[in-house]
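K.L.:
Here it is, the structure, as structure tokens.
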Amino acid sequence: MKRHIQIKKNRYYEAGAWMMQKFRIGTDDFKELIDDGGYFVDKSLLIRDIIEGNKVTLIPRPRRFGKTLNMTMLRYFFERSEESREYLFADCAISGFPEYMQHQGQYPVIYISLKDLKRDSYEHFIEAILAEIARLYLSFSEISGILSEGSRDRFLRICKEEATTNDLYSSLKELIAYCYQYYKKPVIVLIDEYDSPMIEAFSNGYYDEMAAFMRSWLGAGLKPEHGQVLYRAVVTGILRIAKESIFSDLNNLDVASPLMIGPFADKFGFTVPEVDLILTAFHAEAHADTIRDWYNGYSFGGHTIYNPWSLISYIQAIPNPPGPKWLNTSSNALVYEELAAGGLEIKHDLELLLSGEELRYPLSENITFGDIGRNPANIWSLLYYSGYLKAEDPRFPEYDPNLLTYALFIPNQEIYLAYRQFINRMYERGTPGAGIRNFISFFLENKQHHVLQETLQDLTLGLVSMYDLAKLPEAVFHAFVLGLLANLRTVYEIRSNAEAGYGRADILMIPRTREYPAAYIIEFKTADAQQKRDVPSDALAQIGNKEYEAALANAGVPHERIKRLGIVLQGKRIEVQTGGIVG
């Protein structure tokens, strides 16, 4: 048996030599990681939390935040095996607790991951889950010998992938009972990414059938009346989906929400002390600020959390520059679809997010996919649990002392890029490909104001809804332009509705680099068809009268580098005037 003895300074002993550990990107099997000398951020006290916790625990966390690695760690700790696996935990924190180590290798463990069971139809999903459950049953093939004739027949049908629908629905419940009967020990059930096929089902139009399957298969298997045969069950996913009654009968269920302060809060993702150790181990201390800006910003139960996948990927790629790591690991289609389908309120909320202002909403753990688009709060709940928002400062508002709300923010540069990609995708749909590029070039290449006017005119005709414009024209157009400006946030600090001088400027653009030193003040106006065409001049006059440029001067921008833009919207007609350089 291959043995590794880990010591300090990120080294392990193998084949008579000391070797440096490395990250193993994509390795989410705990035993494989340890046996291959991979760097392991010690989350082993999760084992203690599971032993001391409830009978059934649901742990929702964003994808790629260490759920599968932790679940396989639990498996190798608890699972009975012919060869001892105690060595895997020799240098882990859990080894310092004999009262918990006595549980090591003592239980039959049913482990199944649903994260790869994504299919385009319910029929294809059933084929896939049947094969996966057959594989699971075959791993317990020795059990069949003690079963009654009827139970043995069902067991063998499942092994041969010939199970009936009823066989499939009761397969988890019966396998738990069979394991208890055979091993004379209570069973541990580990189900990873339970909602992955449900998300796929929602996108492909067979969600009701999938919810019914999960209710029968998962809900029935973990019911509390099976208490004597079930020692612990741990279920992971992104969301808690409760209204469909998947977990309605589980009064033994504990939901370890990322919003909750508690023992699970620091077990998924990397904490600040863990990141400090990683940076030291890999001699990457000089990259701390970059890593914080790009991959930090999450908050789980009061702990500041880094995205583990992104941090590891960045460190492995040094000296390459930072960029999207986590965003490229799976489709963002569901998030983009829900944002695109959102109405005027969502567009306004996006404006606040992109400008760095606080967005305050309640966050629901019980959302259903069918309800997501019906209420903005549900969309932001989906985004939070999926890893696209940071939530902090829980507070009960005065208007409803029973409604807990959270301040929501974009957590870091990587997720900001996700919103920018969404906006680009939404705005480029049905428009000339050069539209956004021309918009950006006006600010970066010092072009004449007619370029901005023509570009905004084309983009508005192609993308902005007349229905939205009729309701709140200035607010909608403001949000629209702010979305376009998201492409410039690495070059400019964009402030929306910012206090300036004697009022609030619609948009301030403060340069971040010397390469693009011009600053901009943008003021929007609306006019009906009967008004004179001098409204842009009114906008420019307001900039001067309210002394908005004072805010830019306070930010260190010289007066000679400040430009005024007055933009008027008449229906879908755009006119732009510029005050040039203020001096």
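We label chains A, B, ... in the order they appear in the structure tokens, count residues from 1 in each chain, and number ligands from 1 in the order shown.
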A:Met509: which residues within 6 Å, counting only C-alpha atoms, same-chain residues fewer than 5 positions away excluded, as a short mmCIF file (atom, residue, chain, number, x, y, z; two decimals) with all heavy atoms, in the first residue's frame?

P.N.:
```cif
data_model
loop_
_atom_site.label_atom_id
_atom_site.label_comp_id
_atom_site.auth_asym_id
_atom_site.auth_seq_id
_atom_site.Cartn_x
_atom_site.Cartn_y
_atom_site.Cartn_z
N TYR A 492 -12.10 52.69 -15.63
CA TYR A 492 -12.77 53.77 -14.92
C TYR A 492 -13.47 53.25 -13.66
O TYR A 492 -14.01 52.15 -13.66
CB TYR A 492 -13.82 54.45 -15.81
CG TYR A 492 -13.24 55.35 -16.87
CD1 TYR A 492 -13.02 54.87 -18.15
CD2 TYR A 492 -12.93 56.67 -16.59
CE1 TYR A 492 -12.48 55.69 -19.14
CE2 TYR A 492 -12.40 57.50 -17.56
CZ TYR A 492 -12.17 57.00 -18.85
OH TYR A 492 -11.64 57.83 -19.80
N GLU A 493 -13.46 54.09 -12.64
CA GLU A 493 -14.36 53.87 -11.51
C GLU A 493 -15.69 54.53 -11.90
O GLU A 493 -15.75 55.72 -12.17
CB GLU A 493 -13.81 54.53 -10.25
CG GLU A 493 -14.75 54.42 -9.05
CD GLU A 493 -14.28 55.22 -7.86
OE1 GLU A 493 -13.11 55.66 -7.86
OE2 GLU A 493 -15.09 55.44 -6.93
N ILE A 494 -16.74 53.72 -11.96
CA ILE A 494 -18.05 54.21 -12.40
C ILE A 494 -18.92 54.44 -11.16
O ILE A 494 -19.16 53.53 -10.38
CB ILE A 494 -18.75 53.21 -13.33
CG1 ILE A 494 -17.80 52.73 -14.43
CG2 ILE A 494 -20.02 53.81 -13.90
CD1 ILE A 494 -17.39 53.78 -15.41
N ALA A 519 -11.78 62.27 -17.57
CA ALA A 519 -12.90 61.92 -16.70
C ALA A 519 -14.18 62.43 -17.36
O ALA A 519 -14.16 63.36 -18.17
CB ALA A 519 -12.72 62.53 -15.32
N TYR A 520 -15.32 61.80 -16.98
CA TYR A 520 -16.59 62.16 -17.62
C TYR A 520 -17.68 62.36 -16.57
O TYR A 520 -17.74 61.65 -15.57
CB TYR A 520 -17.05 61.07 -18.59
CG TYR A 520 -16.16 60.92 -19.81
CD1 TYR A 520 -15.04 60.08 -19.77
CD2 TYR A 520 -16.43 61.63 -20.97
CE1 TYR A 520 -14.21 59.95 -20.88
CE2 TYR A 520 -15.60 61.50 -22.09
CZ TYR A 520 -14.50 60.66 -22.03
OH TYR A 520 -13.69 60.54 -23.13
#
```

K.L.:
Neighbouring residues of stretch 265-274 of chain A were defined as those with any atom within 7 Å, considering only C-alpha atoms; residues of the same chain fewer than 5 positions away were excluded. Please report them as a PDB file with N, CA, C and O atoms, in the first residue's frame.

P.N.:
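Saved as part.pdb:
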```
ATOM      1  N   LYS A  43      -9.898  20.207   6.175  1.00  0.00           N
ATOM      2  CA  LYS A  43     -11.297  20.406   6.550  1.00  0.00           C
ATOM      3  C   LYS A  43     -11.824  19.196   7.330  1.00  0.00           C
ATOM      4  O   LYS A  43     -13.033  18.966   7.406  1.00  0.00           O
ATOM      5  N   LEU A  46     -14.853  18.677   9.773  1.00  0.00           N
ATOM      6  CA  LEU A  46     -16.208  18.437   9.275  1.00  0.00           C
ATOM      7  C   LEU A  46     -16.719  17.087   9.770  1.00  0.00           C
ATOM      8  O   LEU A  46     -17.914  16.922  10.028  1.00  0.00           O
ATOM      9  N   PHE A  65     -16.815  24.606  -4.671  1.00  0.00           N
ATOM     10  CA  PHE A  65     -16.380  25.114  -3.374  1.00  0.00           C
ATOM     11  C   PHE A  65     -15.972  23.981  -2.434  1.00  0.00           C
ATOM     12  O   PHE A  65     -15.978  24.147  -1.224  1.00  0.00           O
ATOM     13  N   GLY A  66     -15.620  22.823  -2.968  1.00  0.00           N
ATOM     14  CA  GLY A  66     -15.064  21.742  -2.166  1.00  0.00           C
ATOM     15  C   GLY A  66     -16.069  20.730  -1.664  1.00  0.00           C
ATOM     16  O   GLY A  66     -15.727  19.917  -0.791  1.00  0.00           O
ATOM     17  N   LYS A  67     -17.285  20.728  -2.200  1.00  0.00           N
ATOM     18  CA  LYS A  67     -18.295  19.792  -1.685  1.00  0.00           C
ATOM     19  C   LYS A  67     -17.902  18.350  -1.949  1.00  0.00           C
ATOM     20  O   LYS A  67     -17.965  17.505  -1.039  1.00  0.00           O
ATOM     21  N   PRO A 258     -25.361  28.680   3.964  1.00  0.00           N
ATOM     22  CA  PRO A 258     -24.178  29.555   4.040  1.00  0.00           C
ATOM     23  C   PRO A 258     -24.461  30.856   4.783  1.00  0.00           C
ATOM     24  O   PRO A 258     -23.529  31.560   5.164  1.00  0.00           O
ATOM     25  N   PHE A 300     -19.586  33.353   4.485  1.00  0.00           N
ATOM     26  CA  PHE A 300     -20.408  32.235   4.932  1.00  0.00           C
ATOM     27  C   PHE A 300     -20.412  32.219   6.457  1.00  0.00           C
ATOM     28  O   PHE A 300     -19.369  32.019   7.084  1.00  0.00           O
ATOM     29  N   GLY A 301     -21.568  32.459   7.035  1.00  0.00           N
ATOM     30  CA  GLY A 301     -21.693  32.387   8.484  1.00  0.00           C
ATOM     31  C   GLY A 301     -20.709  33.254   9.234  1.00  0.00           C
ATOM     32  O   GLY A 301     -20.216  32.877  10.300  1.00  0.00           O
ATOM     33  N   HIS A 303     -17.704  34.104   8.231  1.00  0.00           N
ATOM     34  CA  HIS A 303     -16.325  33.867   7.792  1.00  0.00           C
ATOM     35  C   HIS A 303     -16.113  34.462   6.403  1.00  0.00           C
ATOM     36  O   HIS A 303     -16.937  34.264   5.503  1.00  0.00           O
ATOM     37  N   THR A 304     -15.007  35.164   6.220  1.00  0.00           N
ATOM     38  CA  THR A 304     -14.617  35.610   4.884  1.00  0.00           C
ATOM     39  C   THR A 304     -14.058  34.411   4.132  1.00  0.00           C
ATOM     40  O   THR A 304     -13.155  33.723   4.624  1.00  0.00           O
ATOM     41  N   ILE A 305     -14.590  34.166   2.932  1.00  0.00           N
ATOM     42  CA  ILE A 305     -14.275  32.949   2.195  1.00  0.00           C
ATOM     43  C   ILE A 305     -13.756  33.295   0.801  1.00  0.00           C
ATOM     44  O   ILE A 305     -14.293  34.162   0.117  1.00  0.00           O
ATOM     45  N   TYR A 306     -12.690  32.577   0.401  1.00  0.00           N
ATOM     46  CA  TYR A 306     -12.155  32.666  -0.951  1.00  0.00           C
ATOM     47  C   TYR A 306     -12.714  31.512  -1.791  1.00  0.00           C
ATOM     48  O   TYR A 306     -12.929  30.409  -1.277  1.00  0.00           O
ATOM     49  N   ASN A 307     -12.890  31.779  -3.074  1.00  0.00           N
ATOM     50  CA  ASN A 307     -13.276  30.719  -4.006  1.00  0.00           C
ATOM     51  C   ASN A 307     -12.095  29.762  -4.171  1.00  0.00           C
ATOM     52  O   ASN A 307     -11.059  30.146  -4.717  1.00  0.00           O
ATOM     53  N   PRO A 308     -12.215  28.505  -3.730  1.00  0.00           N
ATOM     54  CA  PRO A 308     -11.048  27.617  -3.726  1.00  0.00           C
ATOM     55  C   PRO A 308     -10.573  27.241  -5.125  1.00  0.00           C
ATOM     56  O   PRO A 308      -9.371  27.167  -5.383  1.00  0.00           O
TER      57      PRO A 308
END
```

K.L.:
Which neighbours of A:Ile146 fall inside 12 Å, counting only C-alpha atoms, when residues of the same chain fewer than 6 positions from it are skipped, and could you give them as a PyMOL selection string?

P.N.:
chain A and resi 140+152-153+155+178-183

K.L.:
Write the selection just made, keeping all heavy atoms, as a tab-separated table (two decimals), in the first residue's frame?

P.N.:
```tsv
chain	number	residue	atom	x	y	z
A	140	PHE	N	-22.30	-3.57	-3.50
A	140	PHE	CA	-22.75	-4.30	-2.30
A	140	PHE	C	-23.28	-5.68	-2.70
A	140	PHE	O	-24.18	-6.21	-2.06
A	140	PHE	CB	-23.86	-3.51	-1.61
A	140	PHE	CG	-23.41	-2.22	-0.98
A	140	PHE	CD1	-23.61	-1.01	-1.63
A	140	PHE	CD2	-22.78	-2.22	0.26
A	140	PHE	CE1	-23.21	0.18	-1.06
A	140	PHE	CE2	-22.39	-1.02	0.84
A	140	PHE	CZ	-22.59	0.18	0.18
A	152	ARG	N	-34.26	-10.43	-3.10
A	152	ARG	CA	-33.11	-10.77	-3.95
A	152	ARG	C	-33.43	-10.54	-5.42
A	152	ARG	O	-32.60	-10.07	-6.19
A	152	ARG	CB	-32.69	-12.21	-3.70
A	152	ARG	CG	-31.42	-12.59	-4.49
A	152	ARG	CD	-30.79	-13.88	-3.97
A	152	ARG	NE	-31.74	-14.99	-4.03
A	152	ARG	CZ	-32.29	-15.57	-2.96
A	152	ARG	NH1	-31.98	-15.12	-1.74
A	152	ARG	NH2	-33.14	-16.57	-3.09
A	153	ASP	N	-34.66	-10.87	-5.83
A	153	ASP	CA	-35.05	-10.64	-7.22
A	153	ASP	C	-34.98	-9.16	-7.57
A	153	ASP	O	-34.49	-8.79	-8.64
A	153	ASP	CB	-36.46	-11.17	-7.47
A	153	ASP	CG	-36.52	-12.69	-7.49
A	153	ASP	OD1	-35.44	-13.32	-7.60
A	153	ASP	OD2	-37.62	-13.24	-7.39
A	155	PHE	N	-33.18	-6.89	-6.04
A	155	PHE	CA	-31.76	-6.53	-5.97
A	155	PHE	C	-31.07	-6.86	-7.30
A	155	PHE	O	-30.35	-6.03	-7.87
A	155	PHE	CB	-31.10	-7.28	-4.82
A	155	PHE	CG	-29.73	-6.79	-4.45
A	155	PHE	CD1	-29.54	-5.95	-3.36
A	155	PHE	CD2	-28.61	-7.15	-5.19
A	155	PHE	CE1	-28.28	-5.50	-3.01
A	155	PHE	CE2	-27.34	-6.71	-4.86
A	155	PHE	CZ	-27.17	-5.88	-3.77
A	178	TYR	N	-31.05	-3.05	3.50
A	178	TYR	CA	-30.23	-4.25	3.22
A	178	TYR	C	-28.86	-4.14	3.91
A	178	TYR	O	-28.36	-5.12	4.49
A	178	TYR	CB	-30.01	-4.40	1.72
A	178	TYR	CG	-31.25	-4.65	0.90
A	178	TYR	CD1	-31.27	-4.35	-0.46
A	178	TYR	CD2	-32.41	-5.20	1.47
A	178	TYR	CE1	-32.40	-4.57	-1.23
A	178	TYR	CE2	-33.54	-5.42	0.70
A	178	TYR	CZ	-33.54	-5.10	-0.65
A	178	TYR	OH	-34.64	-5.33	-1.42
A	179	CYS	N	-28.24	-2.95	3.84
A	179	CYS	CA	-26.91	-2.77	4.45
A	179	CYS	C	-26.98	-2.95	5.97
A	179	CYS	O	-26.11	-3.59	6.57
A	179	CYS	CB	-26.36	-1.39	4.10
A	179	CYS	SG	-25.79	-1.22	2.40
A	180	TYR	N	-28.01	-2.41	6.56
A	180	TYR	CA	-28.16	-2.56	8.01
A	180	TYR	C	-28.37	-4.03	8.38
A	180	TYR	O	-27.78	-4.52	9.36
A	180	TYR	CB	-29.35	-1.73	8.48
A	180	TYR	CG	-29.60	-1.83	9.97
A	180	TYR	CD1	-28.76	-1.20	10.88
A	180	TYR	CD2	-30.68	-2.57	10.46
A	180	TYR	CE1	-28.99	-1.30	12.25
A	180	TYR	CE2	-30.91	-2.66	11.82
A	180	TYR	CZ	-30.07	-2.03	12.71
A	180	TYR	OH	-30.29	-2.14	14.06
A	181	GLN	N	-29.17	-4.71	7.59
A	181	GLN	CA	-29.43	-6.13	7.85
A	181	GLN	C	-28.17	-6.96	7.71
A	181	GLN	O	-27.91	-7.88	8.52
A	181	GLN	CB	-30.49	-6.62	6.86
A	181	GLN	CG	-30.89	-8.08	7.03
A	181	GLN	CD	-31.92	-8.51	6.00
A	181	GLN	OE1	-32.48	-7.69	5.27
A	181	GLN	NE2	-32.17	-9.82	5.92
A	182	TYR	N	-27.35	-6.65	6.72
A	182	TYR	CA	-26.16	-7.47	6.45
A	182	TYR	C	-25.00	-7.14	7.40
A	182	TYR	O	-24.36	-8.03	7.96
A	182	TYR	CB	-25.73	-7.27	5.00
A	182	TYR	CG	-24.56	-8.11	4.58
A	182	TYR	CD1	-24.74	-9.44	4.18
A	182	TYR	CD2	-23.25	-7.59	4.57
A	182	TYR	CE1	-23.65	-10.22	3.78
A	182	TYR	CE2	-22.17	-8.36	4.19
A	182	TYR	CZ	-22.38	-9.67	3.80
A	182	TYR	OH	-21.31	-10.45	3.42
A	183	TYR	N	-24.71	-5.85	7.59
A	183	TYR	CA	-23.53	-5.45	8.34
A	183	TYR	C	-23.79	-5.28	9.84
A	183	TYR	O	-22.84	-5.12	10.62
A	183	TYR	CB	-22.96	-4.15	7.78
A	183	TYR	CG	-22.45	-4.29	6.37
A	183	TYR	CD1	-23.16	-3.74	5.30
A	183	TYR	CD2	-21.26	-4.95	6.09
A	183	TYR	CE1	-22.70	-3.85	4.00
A	183	TYR	CE2	-20.79	-5.08	4.79
A	183	TYR	CZ	-21.52	-4.53	3.75
A	183	TYR	OH	-21.07	-4.65	2.46
```

K.L.:
Would you give me, as a ChimeraX atom specification, the residues in stretch 42-175 of chain A that DSSP reads as alpha helix (DSSP H)?

P.N.:
/A:45-52,67-78,98-101,122-138,149-159,165-169,171-175

K.L.:
In Å, how far is it from atom CA of A:Ala475 to atom CA of A:Ala539?

P.N.:
15.3 Å

K.L.:
Within 9 Å of A:Tyr314, counting only C-alpha atoms, which residues show up once you throw out same-chain ones fewer than 5 positions away? Write them as a list of chain:residue names, please.

P.N.:
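The neighbour list is A:Ile291, A:Trp309, A:Pro319, A:Asn320, A:Pro321, A:Pro322, A:Gly323, A:Lys325.
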
K.L.:
Got a sec to tell me which of stretch 86-263 of chain A DSSP assigns to strand (DSSP E), as a PyMOL selection string?

P.N.:
chain A and resi 109-113+187-192+230-237+253-255

K.L.:
Mind dumping a table of every stretch 97-172 of chain A residue within 9 Å of stretch 190-210 of chain A, with the nearest atom pair and its distance in Å to one decimal, using only C-alpha atoms, sorted by chain and rising number, as a tab-separated table?

P.N.:
```
residue	atom	partner	partner_atom	distance
A:Val109	CA	A:Leu190	CA	7.4
A:Ile110	CA	A:Leu190	CA	6.1
A:Tyr111	CA	A:Leu190	CA	4.7
A:Ile112	CA	A:Ile191	CA	5.1
A:Ser113	CA	A:Asp192	CA	4.5
A:Leu114	CA	A:Glu193	CA	5.5
A:Lys115	CA	A:Glu193	CA	5.2
A:Asp116	CA	A:Ser196	CA	7.7
A:Leu117	CA	A:Pro197	CA	5.7
A:Lys118	CA	A:Pro197	CA	5.0
A:Arg119	CA	A:Glu200	CA	6.9
A:Asp120	CA	A:Asn204	CA	5.9
A:Ser121	CA	A:Tyr206	CA	6.7
A:Tyr122	CA	A:Tyr206	CA	6.1
A:Phe125	CA	A:Pro197	CA	8.0
```

K.L.:
Give me the residues near A:Asn446 as a list in words, where near means some atom within 10 Å (using only C-alpha atoms) and where sequence neighbours in that chain fewer than 3 positions away do not count.

P.N.:
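Answer for this query is Ser441, Phe442, Phe443, His449, Tyr516 and Ala518 of chain A.
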
K.L.:
Could you give me, as a VMD selection string, the residues within 8 Å of A:Glu285, counting only C-alpha atoms and dropping anything in the same chain fewer than 4 positions from it?

P.N.:
chain A and resid 276 279 to 280

K.L.:
In Å, rounded to a single decimal, give me how far atom CA of A:Ser364 is from atom CA of A:Tyr298.

P.N.:
17.7 Å

K.L.:
Could you name the residues that touch A:Lys31 at 10 Å or less, counting only C-alpha atoms, but leaving out those on the same chain fewer than 6 positions away, as an MDAnalysis selection string?

P.N.:
chainID A and resid 37:38 69 72:73 75:77 85 88:89

K.L.:
Between A:Ala177, A:Ala418, A:Ile47, A:Leu456, which residue has the minimum interatomic distance to A:Val568, considering only C-alpha atoms?

P.N.:
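Residue with the minimum atom-to-atom distance to A:Val568: A:Leu456.
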
K.L.:
Of the candidates A:Ile158, A:Ile238, A:Ile143, A:Ile522, which one gets nearest to A:Lys184 if we count only C-alpha atoms?

P.N.:
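Once distances to A:Lys184 are computed over only C-alpha atoms, the minimum belongs to A:Ile143.
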
K.L.:
For a test of reading the model, state the distance in Å between atom CA of A:Ala377 and atom CA of A:Tyr419, rounded to one decimal.

P.N.:
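Atom CA of A:Tyr419 lies 17.5 Å from atom CA of A:Ala377.
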
K.L.:
From the set A:Arg64, A:Leu459, A:Ile188, A:Lys223, which residue has the shortest atom-to-atom contact distance to A:Glu79, counting only C-alpha atoms?

P.N.:
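Checking each of A:Arg64, A:Leu459, A:Ile188, A:Lys223 against A:Glu79, counting only C-alpha atoms, the winner is A:Ile188.
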
K.L.:
Given only C-alpha atoms as the basis, pick out the residue of A:Ser139, A:Ser355, A:Ser144, A:Gln421 nearest to A:Pro324.

P.N.:
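Between A:Ser139, A:Ser355, A:Ser144, A:Gln421, the residue approaching A:Pro324 most closely is A:Gln421.
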